[in-house]
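Colleague: After the structure tokens below, expect a handful of questions from me.
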Amino acid sequence: MVPRLNLRETTMTTTKAKTSTAAKPTAVAEPRKPSHRLYRVNGEGDAAFWTPIGAAWPNKDGKGFTITCEAVPLTGRIVLRLIEPRAEA
């Protein structure tokens, strides 16, 4: 079971800012939210500690992921889990 943590999600955009001297309307791409969360897991079963350390976004071709990792654990294991919507209480 993955513990529910109160985290803010980082968003990534797929467009780069362009510099231009002419005033042209530009289309703004919707920021993409990660589909998976990356955890460092230390321990086993109910006694395990789950620490969020990054996120993953699916690639456009659907054949892989772009992963950001804010920490590389020296112990434990890395688990990639699908982010599921929270149930309304």
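Following the order of the structure tokens, first chain is A, next is B, and so on, with residues numbered from 1 inside each chain and ligands from 1 in the order they appear.
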Counting only C-alpha atoms, what is within 7 Å of Thr51 of chain A, bar same-chain residues fewer than 2 positions away, as a PyMOL selection string?

Modeller: chain A and resi 39-41+49+53

Colleague: Which residues are close to segment 77-84 of chain A, i.e. within 8 Å by only C-alpha atoms, leaving aside same-chain residues fewer than 2 positions away? Reply as a count of residues only.

Modeller: 12

Colleague: Check the smallest atom-to-atom distance from each of A:Ala71, A:Gly76, A:Lys33, A:Asp46 to Pro58 of chain A using only C-alpha atoms, then report the winner.

Modeller: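 Once distances to Pro58 of chain A are computed over only C-alpha atoms, the minimum belongs to A:Lys33.
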
Colleague: In Å, how far is it from atom CA of Ala56 of chain A to atom CA of Arg32 of chain A?

Modeller: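 According to the coordinates, atom CA of Ala56 of chain A and atom CA of Arg32 of chain A are separated by 10.7 Å.
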
Colleague: For Thr68 of chain A, please output as a PyMOL selection string all residues within 7 Å (counting only C-alpha atoms; exclusion window: fewer than 2 positions along the same chain).

Modeller: chain A and resi 54-56+66+70
